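Taking it in order: structure first as structure tokens, then the write-up.
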Amino acid sequence: MLIAHHSEAADPTLIHWIRERIDAVIGLEPVAIVTLLGILIALFPIVLMLMAWRRQRRADLSGGED
Amino acid sequence: MPGLERVRTAYYGWYVVAALFFATFVVIGVRQGFGVFVETWEEDWAASTTAVTAASAIGWVLNGVSQPFFGALTDRFGARRVLIYGMLALGSSVLLVTASTNPLMLAFTYGVLLSFTSGALSFTPAGALIARWFVRNRGKAMSLLTVGGSASGVIMIPFLAYFLLNASWQTVWLVIGAMVLGLGLPALILIVRSGPEDMGLEPDGDMPETADGEAGPVSRAMVVGPLNAERWQESFRSAPMWQLSLAYWVCGITTASIAVHYVRWASSEGIAPETAALAFGLLSGINAIGVLFVGSISDRMQRKTLLGIVYLVRGLAFLSLILVPGVGALWAFAVIGGMSWLATVPLTTSLAADVYGVKKLGTLAGLINMAHQLGGGAAVLVFAWVFDTWDTYDPAFAGGAVFLLLAGVLSLSIREKRYSSRYSPVNPTTSTKPELASTAVDAD
């Protein structure tokens, strides 16, 4: 998706075109696409927070930051 | 005593970058996602496209105006607070959008509230924060942040578009609100810190200064710029602020015009929708790779050189729209334009930080970003007028190419070796400014 640098709204017609392209290439049900993308979106911050927490715990145990 | 040994772990600044990556991903998704709902709102409210998209136009202006405002808040209260309260306000605005029952309410909830508050999560405060965490790897860190916006277009927009096929628009916006408040906000609160000093670290993860003071980190001195601005007004007495702002104004002109007029141009050229959509996929992939590449190598060479090249390459892309016949113009633009599309963002903010230091960087970055938005808003109208008058975009594309040539020359003329902390490190305790440049053009 083309973006103007400060996130102006995407063109509705272009979104239509892209959705049709995705349908033609992937051919999954909309529900499956929403589920997959939703999991992907949610996983990133959850994994990140876990990693940061684990890192802090390691740093606390080892007696200091590196 | 292994338990007491210092364990080597990844520099915490990269966790901050990752959290800001997600914040950027979310806020750009929310703002760009407006386009997904336009037709639904038109049907639900029996409203015209003009009435519905007025919210987006208002939002464009207010988002631009909000940049220096949130930049000033960043300098005063710290980027962390601005980002966290900004995410809270954004989440609340998203939930308020679900209460809209007509275009006027949408103009207020989306156009005014959401668009203004999203400025608190823009590159202005996020870039200012990254500049504190990174000095040697500043370009790379900024480019990763920028890719968050690119990833949002590829993942978030299809997510919203497909979600809307299975749910009401109110439900989709509720989910977006949950995403902002349930994922984005905790990630910022738990991970983001105002600077490395908050965790007893040095920028870039350098080793702390030794007791005898002999092996102090280079990075600390580079947090102060040679033209260190105590007040933002001072920056406009020096050439780099004008050079960066004017070039970024051109950047706004040339990105916003294409973002808005691309579909109309493709249709007027008789290009098939599937081809146009595919070209956009190509451009997105190339721009993500391009921004990472440019950001990374900008830490090893003069940023102004890369910035100039990026503008000139984009100028070539604009020329290709005129000179290359038929659908070839589309592919040429996707490839050449893709390389330069987002690369100006990390280069401009990093260079501003190198020159002016981080103390007033929020305000300065905000002003530069506002120039971008104003240029973009004006260009959208001018491009529309050109097409309505001549039934072709060619004169507008030619104008864009000329402006890009000027932006390239302006960028290349920045005296980086004199004014950048990378080449002229400043001792924070005895900082003296080099004589302010009265003329811009000077080869380093």
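Simple scheme: letters A, B, ... for chains in structure tokens order, numbers from 1 for residues in each chain, numbers from 1 for ligands in the order shown.
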Exercise. Give me the residues within 12 Å of Leu361 in chain B as a PyMOL selection string, counting only C-alpha atoms and dropping any in the same chain fewer than 3 places off.
Key: chain B and resi 67-68+70-76+78-79+123-132+223-225+227-233+235+241+348-358+364-369
Self-check item: Filtered DSSP result for range 5-65 of chain A, state helix (DSSP H, G or I), as a ChimeraX atom specification
Solution: /A:12-25,30-62
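Shell of range 45-51 of chain B at 12 Å, with only C-alpha atoms counted and residues fewer than 2 places along the chain excluded, is Asp11 and Pro12 of chain A; Gly35, Phe37, Val38, Glu39, Thr40, Trp41, Glu42, Glu43, Thr53, Ala54, Ala55, Ser56, Ala57, Ile58, Ser100, Thr101, Asn102, Pro103, Leu104, Met105, Leu106, Ala107 and Gly111 of chain B.
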Quiz item: Could you name the residues that touch Val147 in chain B at 12 Å or less, counting only C-alpha atoms, but leaving out those on the same chain fewer than 3 positions away, as a ChimeraX atom specification?
Solution: /A:3,5 /B:17-18,20-25,28,123,140-144,150-154,284-295,341-343,345-346
Just the selected residues (C-alpha atoms), exported as a PDB file, in the first residue's frame, please.
```pdb
ATOM      1  CA  ILE A   3       1.345   5.812   1.911  1.00  0.00           C
ATOM      2  CA  HIS A   5       4.333   9.938   4.838  1.00  0.00           C
TER       3      HIS A   5
ATOM      4  CA  VAL B  17      12.422   0.923  18.500  1.00  0.00           C
ATOM      5  CA  ALA B  18      10.262  -2.223  18.312  1.00  0.00           C
ATOM      6  CA  LEU B  20       7.564   2.497  18.542  1.00  0.00           C
ATOM      7  CA  PHE B  21       7.434   0.402  15.366  1.00  0.00           C
ATOM      8  CA  PHE B  22       4.162  -1.061  16.631  1.00  0.00           C
ATOM      9  CA  ALA B  23       2.855   2.350  17.705  1.00  0.00           C
ATOM     10  CA  THR B  24       3.601   3.689  14.214  1.00  0.00           C
ATOM     11  CA  PHE B  25       2.015   0.592  12.687  1.00  0.00           C
ATOM     12  CA  ILE B  28      -0.846   4.794  10.445  1.00  0.00           C
ATOM     13  CA  PHE B 123       7.488  10.608  13.644  1.00  0.00           C
ATOM     14  CA  LYS B 140      19.151   2.549  11.007  1.00  0.00           C
ATOM     15  CA  ALA B 141      16.884   2.957  14.052  1.00  0.00           C
ATOM     16  CA  MET B 142      14.849   5.719  12.369  1.00  0.00           C
ATOM     17  CA  SER B 143      14.448   3.622   9.233  1.00  0.00           C
ATOM     18  CA  LEU B 144      13.094   0.684  11.246  1.00  0.00           C
ATOM     19  CA  SER B 150       4.978   0.632   5.463  1.00  0.00           C
ATOM     20  CA  ALA B 151       4.056  -2.621   7.221  1.00  0.00           C
ATOM     21  CA  SER B 152       0.782  -1.098   8.321  1.00  0.00           C
ATOM     22  CA  GLY B 153      -0.252  -0.486   4.722  1.00  0.00           C
ATOM     23  CA  VAL B 154       0.502  -4.087   3.828  1.00  0.00           C
ATOM     24  CA  SER B 284       5.481  -1.215  -1.216  1.00  0.00           C
ATOM     25  CA  GLY B 285       8.020  -4.033  -1.128  1.00  0.00           C
ATOM     26  CA  ILE B 286      10.717  -1.895  -2.700  1.00  0.00           C
ATOM     27  CA  ASN B 287      10.063   1.083  -0.431  1.00  0.00           C
ATOM     28  CA  ALA B 288      10.367  -1.035   2.728  1.00  0.00           C
ATOM     29  CA  ILE B 289      13.674  -2.493   1.531  1.00  0.00           C
ATOM     30  CA  GLY B 290      14.814   0.897   0.226  1.00  0.00           C
ATOM     31  CA  VAL B 291      14.207   2.733   3.492  1.00  0.00           C
ATOM     32  CA  LEU B 292      16.057   0.080   5.513  1.00  0.00           C
ATOM     33  CA  PHE B 293      18.993   0.127   3.113  1.00  0.00           C
ATOM     34  CA  VAL B 294      19.230   3.916   2.962  1.00  0.00           C
ATOM     35  CA  GLY B 295      18.803   4.280   6.735  1.00  0.00           C
ATOM     36  CA  TRP B 341       9.400   6.780  -1.305  1.00  0.00           C
ATOM     37  CA  LEU B 342       9.939   6.640   2.460  1.00  0.00           C
ATOM     38  CA  ALA B 343      13.700   7.079   2.578  1.00  0.00           C
ATOM     39  CA  VAL B 345      11.825  10.318   6.582  1.00  0.00           C
ATOM     40  CA  PRO B 346      14.728   8.765   8.572  1.00  0.00           C
TER      41      PRO B 346
END
```
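Of the residues listed (B:Phe159, B:Pro226, B:Val250, B:Tyr393), B:Phe159 shows the shortest atom-to-atom separation from Ala32 in chain A; distances use only C-alpha atoms.
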Quiz item: When distances are computed from only C-alpha atoms, which of B:Leu181, B:Ile258, B:Val94, B:Leu145 shows the smallest separation from chain A?
Solution: B:Ile258
